[in-house]
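This is coords_36.cif. It holds mmCIF, C-alpha atoms and all ligand atoms.
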```
data_data
#
loop_
_atom_site.label_atom_id
_atom_site.label_comp_id
_atom_site.auth_asym_id
_atom_site.auth_seq_id
_atom_site.Cartn_x
_atom_site.Cartn_y
_atom_site.Cartn_z
CA MET R 31 26.81 49.80 201.71
CA LEU R 32 27.74 47.42 204.54
CA ASP R 33 25.37 47.41 207.50
CA ASN R 34 27.50 47.35 210.66
CA LYS R 35 24.60 47.35 213.09
CA PRO R 36 24.62 44.57 215.69
CA PRO R 37 22.24 41.73 214.68
CA VAL R 38 18.84 41.45 216.36
CA LEU R 39 16.48 38.51 216.87
CA THR R 40 12.99 39.74 217.77
CA ILE R 41 10.53 37.58 219.70
CA ASP R 42 7.07 39.13 219.93
CA GLY R 43 3.75 37.76 221.04
CA PRO R 44 0.97 38.01 223.60
CA GLY R 45 1.54 37.79 227.36
CA GLY R 46 2.17 34.31 228.72
CA ALA R 47 3.23 32.75 225.41
CA GLY R 48 6.67 31.95 226.82
CA LYS R 49 8.62 34.74 225.10
CA GLY R 50 10.66 35.46 228.22
CA THR R 51 11.77 31.85 228.66
CA ILE R 52 12.64 31.36 225.01
CA SER R 53 14.31 34.76 224.65
CA ARG R 54 16.54 34.24 227.67
CA LEU R 55 17.48 30.77 226.43
CA ALA R 56 18.28 32.10 222.98
CA ALA R 57 20.29 35.04 224.34
CA GLY R 58 22.23 32.66 226.62
CA LYS R 59 22.99 30.24 223.79
CA LEU R 60 24.02 32.97 221.37
CA GLY R 61 25.90 34.98 224.00
CA TRP R 62 23.82 38.03 223.00
CA HIS R 63 22.27 40.80 225.08
CA TYR R 64 18.62 40.55 226.09
CA LEU R 65 15.92 43.21 226.16
CA ASP R 66 12.75 42.51 228.12
CA SER R 67 10.76 45.47 226.77
CA GLY R 68 7.66 44.49 228.75
CA ALA R 69 9.66 45.13 231.93
CA LEU R 70 10.11 48.77 230.85
CA TYR R 71 6.34 49.26 230.62
CA ARG R 72 5.87 47.37 233.90
CA LEU R 73 8.46 49.63 235.59
CA LEU R 74 6.73 52.70 234.24
CA GLY R 75 3.38 51.41 235.55
CA LEU R 76 4.92 50.84 238.98
CA SER R 77 6.58 54.24 238.99
CA ALA R 78 3.26 55.88 238.00
CA THR R 79 1.46 54.13 240.86
CA GLU R 80 4.14 55.21 243.33
CA HIS R 81 4.14 58.83 242.08
CA GLY R 82 0.35 59.01 241.99
CA THR R 83 0.39 59.62 238.22
CA SER R 84 -2.87 58.56 236.60
CA VAL R 85 -2.88 56.09 233.68
CA ASP R 86 -4.97 58.74 231.89
CA ASP R 87 -2.27 61.43 232.20
CA GLU R 88 -0.22 60.93 229.01
CA THR R 89 2.00 63.98 229.61
CA GLY R 90 2.78 62.97 233.19
CA LEU R 91 3.52 59.40 232.07
CA CYS R 92 5.86 60.65 229.31
CA GLU R 93 7.82 62.73 231.82
CA LEU R 94 8.13 59.72 234.10
CA ALA R 95 9.15 57.51 231.16
CA LEU R 96 11.97 59.87 230.20
CA SER R 97 13.33 60.06 233.74
CA LEU R 98 13.00 56.37 234.75
CA GLN R 99 16.15 55.14 236.53
CA ILE R 100 16.24 51.44 235.77
CA ARG R 101 18.76 48.63 235.76
CA PHE R 102 18.63 44.97 234.77
CA GLY R 103 20.70 42.14 236.25
CA ALA R 104 23.37 40.78 233.89
CA GLY R 105 23.15 37.45 232.03
CA GLN R 106 20.79 34.96 233.65
CA ASP R 107 20.20 37.25 236.64
CA GLU R 108 16.55 38.28 236.24
CA SER R 109 16.66 41.07 238.85
CA VAL R 110 15.15 44.42 237.90
CA TYR R 111 15.83 47.68 239.72
CA LEU R 112 13.90 50.95 239.86
CA ASP R 113 15.93 53.79 241.38
CA GLU R 114 18.40 51.08 242.57
CA ARG R 115 15.58 49.33 244.48
CA GLU R 116 14.98 45.66 243.64
CA VAL R 117 11.44 45.42 242.28
CA SER R 118 11.62 42.12 240.35
CA HIS R 119 8.63 40.55 242.11
CA LEU R 120 6.60 43.76 242.33
CA ILE R 121 6.53 44.16 238.54
CA ARG R 122 5.55 40.53 237.81
CA THR R 123 2.07 40.55 239.34
CA GLU R 124 -1.11 40.41 237.22
CA GLN R 125 -1.95 43.96 238.34
CA ALA R 126 1.47 45.19 237.19
CA GLY R 127 0.83 43.56 233.80
CA THR R 128 -2.53 45.29 233.45
CA MET R 129 -1.02 48.62 234.50
CA ALA R 130 1.80 48.16 231.96
CA SER R 131 -0.68 47.42 229.20
CA LYS R 132 -2.61 50.62 230.02
CA VAL R 133 0.40 52.97 230.09
CA ALA R 134 1.76 51.29 226.93
CA ALA R 135 -1.32 52.29 224.94
CA TRP R 136 -0.22 55.98 224.87
CA PRO R 137 1.70 56.98 221.70
CA GLY R 138 3.78 59.52 223.68
CA VAL R 139 4.85 56.90 226.19
CA ARG R 140 5.95 54.54 223.42
CA ALA R 141 7.91 57.35 221.76
CA ALA R 142 9.55 58.25 225.09
CA LEU R 143 10.79 54.67 225.54
CA LEU R 144 11.96 54.11 221.95
CA ASP R 145 15.59 55.28 222.18
CA ARG R 146 16.06 53.58 225.50
CA GLN R 147 15.09 50.27 223.88
CA ARG R 148 17.26 50.82 220.81
CA ARG R 149 20.32 51.44 223.00
CA PHE R 150 20.22 47.75 223.98
CA ARG R 151 21.37 46.93 220.45
CA GLN R 152 25.02 46.24 221.16
CA MET R 153 27.61 43.81 219.84
CA PRO R 154 27.66 40.86 219.55
CA GLY R 155 23.84 40.99 219.17
CA LEU R 156 20.47 41.38 220.84
CA VAL R 157 17.45 39.20 221.53
CA ALA R 158 14.51 41.58 221.95
CA ASP R 159 11.27 40.38 223.54
CA GLY R 160 7.98 42.30 223.42
CA ARG R 161 4.97 43.22 221.29
CA ASP R 162 6.42 45.58 218.66
CA MET R 163 10.06 44.56 218.48
CA GLY R 164 9.77 43.23 214.92
CA THR R 165 7.19 45.75 213.68
CA VAL R 166 8.55 49.02 215.11
CA VAL R 167 11.55 49.09 217.44
CA PHE R 168 13.83 46.79 215.42
CA SER R 169 11.89 46.58 212.16
CA ASP R 170 15.18 45.94 210.31
CA ALA R 171 15.94 42.78 212.36
CA ALA R 172 17.06 39.87 210.21
CA ARG R 173 15.20 37.23 212.24
CA LYS R 174 11.71 37.72 213.64
CA ILE R 175 9.61 35.27 215.58
CA PHE R 176 6.01 35.72 216.70
CA LEU R 177 5.39 33.31 219.55
CA THR R 178 1.79 32.63 220.43
CA ALA R 179 -0.54 30.15 222.13
CA SER R 180 -4.28 30.10 222.75
CA ALA R 181 -5.53 32.29 225.61
CA GLU R 182 -6.83 29.15 227.39
CA GLU R 183 -3.43 27.47 227.20
CA ARG R 184 -1.63 30.60 228.43
CA ALA R 185 -4.07 30.93 231.32
CA GLU R 186 -3.48 27.32 232.27
CA ARG R 187 0.32 27.71 232.20
CA ARG R 188 0.11 30.83 234.34
CA TYR R 189 -2.30 29.09 236.72
CA LYS R 190 0.14 26.19 237.21
CA GLN R 191 3.05 28.62 237.83
CA LEU R 192 1.12 30.58 240.44
CA ILE R 193 -0.28 27.52 242.21
CA ALA R 194 3.25 26.05 242.35
CA LYS R 195 4.34 29.27 244.09
CA GLY R 196 1.52 28.84 246.63
CA ILE R 197 -0.50 31.75 245.17
CA ASP R 198 -4.21 31.03 245.17
CA VAL R 199 -5.93 32.19 241.96
CA LYS R 200 -8.95 31.26 239.87
CA ILE R 201 -8.19 30.13 236.33
CA GLY R 202 -11.31 31.95 235.07
CA ASP R 203 -9.97 35.27 236.44
CA LEU R 204 -6.59 34.67 234.80
CA LEU R 205 -8.24 33.89 231.46
CA ALA R 206 -10.37 37.04 231.66
CA ASP R 207 -7.27 39.17 232.45
CA ILE R 208 -5.35 37.63 229.56
CA GLN R 209 -8.22 38.23 227.12
CA THR R 210 -8.64 41.86 228.22
CA ARG R 211 -4.90 42.52 227.95
CA ASP R 212 -4.68 40.81 224.52
CA GLU R 213 -7.51 42.96 223.29
CA ARG R 214 -6.02 46.23 224.62
CA ASP R 215 -2.56 45.39 223.25
CA SER R 216 -3.90 44.41 219.80
CA GLN R 217 -6.47 47.17 219.38
CA ARG R 218 -4.35 50.21 220.32
CA ALA R 219 -3.67 52.78 217.62
CA VAL R 220 0.14 52.73 217.88
CA ALA R 221 2.38 49.67 217.58
CA PRO R 222 -0.38 47.12 218.19
CA LEU R 223 0.42 43.51 218.96
CA LYS R 224 0.69 41.73 215.60
CA PRO R 225 3.25 39.65 213.73
CA ALA R 226 5.62 41.56 211.43
CA ASP R 227 5.03 40.67 207.78
CA ASP R 228 8.40 38.89 207.73
CA ALA R 229 7.99 37.09 211.09
CA VAL R 230 7.86 33.32 211.53
CA VAL R 231 4.73 32.55 213.57
CA VAL R 232 5.19 29.78 216.14
CA ASP R 233 2.08 28.54 217.94
CA THR R 234 3.08 26.66 221.11
CA THR R 235 -0.44 25.72 222.22
CA ALA R 236 0.29 22.03 221.86
CA VAL R 237 4.04 22.18 222.60
CA SER R 238 5.67 21.61 225.95
CA TYR R 239 8.85 23.62 226.44
CA THR R 240 10.70 20.49 227.40
CA HIS R 241 10.28 19.45 223.74
CA LEU R 242 11.57 22.68 222.28
CA THR R 243 15.19 22.63 221.18
CA LEU R 244 17.13 25.59 219.96
CA PRO R 245 19.65 25.31 217.14
CA THR R 246 23.24 25.16 218.37
O1 LIG D 1 5.57 41.19 228.03
P1 LIG D 1 4.88 41.70 229.30
O2 LIG D 1 3.72 40.84 229.72
O3 LIG D 1 5.84 41.91 230.42
O4 LIG D 1 4.29 43.14 228.90
C1 LIG D 1 3.46 43.88 229.76
C2 LIG D 1 2.65 44.88 228.97
O5 LIG D 1 3.51 45.86 228.42
C3 LIG D 1 1.88 44.32 227.78
O6 LIG D 1 0.57 43.87 228.14
C4 LIG D 1 1.83 45.45 226.81
C5 LIG D 1 3.07 46.25 227.13
N1 LIG D 1 4.14 46.04 226.16
C6 LIG D 1 4.08 46.76 224.99
O7 LIG D 1 3.11 47.48 224.77
N2 LIG D 1 5.09 46.69 224.09
C7 LIG D 1 6.14 45.90 224.31
N3 LIG D 1 7.12 45.85 223.42
C8 LIG D 1 6.21 45.12 225.49
C9 LIG D 1 5.18 45.19 226.39
#
```
Could the structure of this file be written out as structure tokens, please?
Ligand code: DC
Amino acid sequence: MLDNKPPVLTIDGPGGAGKGTISRLAAGKLGWHYLDSGALYRLLGLSATEHGTSVDDETGLCELALSLQIRFGAGQDESVYLDEREVSHLIRTEQAGTMASKVAAWPGVRAALLDRQRRFRQMPGLVADGRDMGTVVFSDAARKIFLTASAEERAERRYKQLIAKGIDVKIGDLLADIQTRDERDSQRAVAPLKPADDAVVVDTTAVSYTHLTLPT
């Protein structure tokens, strides 16, 4: 039987490995849609904070997840909206990342966000960025990449980004945050961070993005 589903390229990996940059580039080149699944968990974390819902309240988080009103900017526009309010910067902080990682550990929350993610699969195709895109959400994707880099290298890249923005941080704190988040994301019972069996693993520890070229 012919499979008429739109094609998907999954790009999974730990935080700070450059998935977002590469996924956006790939989606732009291919003219495909782009799903930043981490943003969904970040938006849920933000919404939970604003509603006073505890990260320990799985039922409350599931209800919030099902009712989230979110919107993404089109194409290269990286804006993200919660209830039509622009929250792009609010969800990109280290605290928002930690909050996202905590809410994402609940099986019910992941189930509540599953259909929403799958609806991004539209013609002509989708580049899906996250932790479980290749293992769970789009396990039938034809192309799967697992993009990684050492925690030290990811901390250093993040440090340079933040310092360039005039944000004062300690590299040791960033490294500790990254290691804690990696551990939580990889140790959780449901959809843990790991390469799909059929994924190509790309370690960018020693690679500068300026040297990465995508096939035309
Ligand atoms: O990719 P990111 O840093 O924006 O993701 C933030 C957190 O969301 C991450 O630490 C774990 C969670 N997440 C997830 O559990 N599954 C995904 N597919 C994407 C993100």
Task: Pairwise distance for atom CA of R:His63 and atom CA of R:Val157, rounded to one decimal in Å - done: 6.2 Å
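Of note, atom CA of R:Asp87 and atom CA of R:Phe102 are spaced 26.7 Å apart.
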Taking all atoms listed in the file into account, produce a table as JSON lines in which each residue of chain R with an atom at most 7 Å from an atom of ligand LIG 1 (chain D) appears once, together with its shortest atom pair and the distance in Å to one decimal, ordered by chain and rising number.
```
{"residue": "R:Gly45", "atom": "CA", "partner": "D:LIG1", "partner_atom": "O2", "distance": 4.4}
{"residue": "R:Gly46", "atom": "CA", "partner": "D:LIG1", "partner_atom": "O2", "distance": 6.8}
{"residue": "R:Ser67", "atom": "CA", "partner": "D:LIG1", "partner_atom": "C8", "distance": 4.7}
{"residue": "R:Gly68", "atom": "CA", "partner": "D:LIG1", "partner_atom": "C9", "distance": 3.5}
{"residue": "R:Ala69", "atom": "CA", "partner": "D:LIG1", "partner_atom": "O3", "distance": 5.2}
{"residue": "R:Tyr71", "atom": "CA", "partner": "D:LIG1", "partner_atom": "O5", "distance": 4.9}
{"residue": "R:Arg72", "atom": "CA", "partner": "D:LIG1", "partner_atom": "C1", "distance": 5.9}
{"residue": "R:Gly127", "atom": "CA", "partner": "D:LIG1", "partner_atom": "C1", "distance": 4.8}
{"residue": "R:Thr128", "atom": "CA", "partner": "D:LIG1", "partner_atom": "O6", "distance": 6.3}
{"residue": "R:Ala130", "atom": "CA", "partner": "D:LIG1", "partner_atom": "C2", "distance": 4.5}
{"residue": "R:Ser131", "atom": "CA", "partner": "D:LIG1", "partner_atom": "O6", "distance": 3.9}
{"residue": "R:Ala134", "atom": "CA", "partner": "D:LIG1", "partner_atom": "O7", "distance": 4.6}
{"residue": "R:Ala135", "atom": "CA", "partner": "D:LIG1", "partner_atom": "O7", "distance": 6.5}
{"residue": "R:Asp159", "atom": "CA", "partner": "D:LIG1", "partner_atom": "N3", "distance": 6.9}
{"residue": "R:Gly160", "atom": "CA", "partner": "D:LIG1", "partner_atom": "N3", "distance": 3.7}
{"residue": "R:Arg161", "atom": "CA", "partner": "D:LIG1", "partner_atom": "N3", "distance": 4.0}
{"residue": "R:Asp162", "atom": "CA", "partner": "D:LIG1", "partner_atom": "N3", "distance": 4.8}
{"residue": "R:Met163", "atom": "CA", "partner": "D:LIG1", "partner_atom": "N3", "distance": 5.9}
{"residue": "R:Arg211", "atom": "CA", "partner": "D:LIG1", "partner_atom": "O6", "distance": 5.6}
{"residue": "R:Asp215", "atom": "CA", "partner": "D:LIG1", "partner_atom": "C4", "distance": 5.7}
```
Task: Long-range neighbours of stretch 190-194 of chain R as a list of chain:residue names, 12 Å cut-off, all atoms listed in the file, 5 positions minimum in chain - done: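 Result of the neighbour search: R:Gly46, R:Arg122, R:Thr123, R:Glu124, R:Glu183, R:Arg184, R:Ala185, R:Val199, R:Lys200, R:Ile201, R:Leu204.
Residue nearest R:Cys92 within the list R:Leu73, R:Ala47, R:Val139, R:Leu223: R:Val139 [criterion: smallest interatomic distance, only C-alpha atoms].
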Could you name the residues that touch R:Glu213 at 12 Å or less, counting only C-alpha atoms, but leaving out those on the same chain fewer than 3 positions away, as an mmCIF file with C-alpha atoms, keeping the file's coordinate frame?
```
data_model
loop_
_atom_site.group_PDB
_atom_site.id
_atom_site.type_symbol
_atom_site.label_atom_id
_atom_site.label_comp_id
_atom_site.auth_asym_id
_atom_site.auth_seq_id
_atom_site.Cartn_x
_atom_site.Cartn_y
_atom_site.Cartn_z
ATOM 1 C CA PRO R 44 0.970 38.010 223.600
ATOM 2 C CA GLY R 45 1.540 37.790 227.360
ATOM 3 C CA THR R 128 -2.530 45.290 233.450
ATOM 4 C CA SER R 131 -0.680 47.420 229.200
ATOM 5 C CA LYS R 132 -2.610 50.620 230.020
ATOM 6 C CA ALA R 135 -1.320 52.290 224.940
ATOM 7 C CA ALA R 181 -5.530 32.290 225.610
ATOM 8 C CA ALA R 206 -10.370 37.040 231.660
ATOM 9 C CA ASP R 207 -7.270 39.170 232.450
ATOM 10 C CA ILE R 208 -5.350 37.630 229.560
ATOM 11 C CA GLN R 209 -8.220 38.230 227.120
ATOM 12 C CA THR R 210 -8.640 41.860 228.220
ATOM 13 C CA SER R 216 -3.900 44.410 219.800
ATOM 14 C CA GLN R 217 -6.470 47.170 219.380
ATOM 15 C CA ARG R 218 -4.350 50.210 220.320
ATOM 16 C CA ALA R 219 -3.670 52.780 217.620
ATOM 17 C CA PRO R 222 -0.380 47.120 218.190
ATOM 18 C CA LEU R 223 0.420 43.510 218.960
ATOM 19 C CA LYS R 224 0.690 41.730 215.600
#
```
- [ ] Could you tell me how far atom CA of R:Ser53 lies from atom CA of R:Val85, in Å and to one decimal?
- [x] 28.8 Å
TODO: Pick out the closest residue to R:Ala95 from this set: R:Leu143, R:Leu65, R:Leu39, R:Ala57. Count all atoms listed in the file.
DONE: R:Leu143
Open item on the list: Residues within 9 Å of R:Gly105, please, as a VMD selection string. Count only C-alpha atoms; anything in the same chain fewer than 3 positions from it doesn't count.
Closed with: chain R and resid 54 57 to 58 61 63 to 64 108
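Within 10 Å of R:Ser97, once all atoms listed in the file are used and residues closer than 6 positions along the same chain are dropped, the contacting residues are R:Leu74, R:Leu91, R:Ala142.
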Print the selection's residues with C-alpha atoms to a file, as a PDB file, in the frame of the given file.
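Contents of again_20.pdb, as written:
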```
ATOM      1  CA  LEU R  74       6.730  52.700 234.240  1.00  0.00           C
ATOM      2  CA  LEU R  91       3.520  59.400 232.070  1.00  0.00           C
ATOM      3  CA  ALA R 142       9.550  58.250 225.090  1.00  0.00           C
TER       4      ALA R 142
END
```
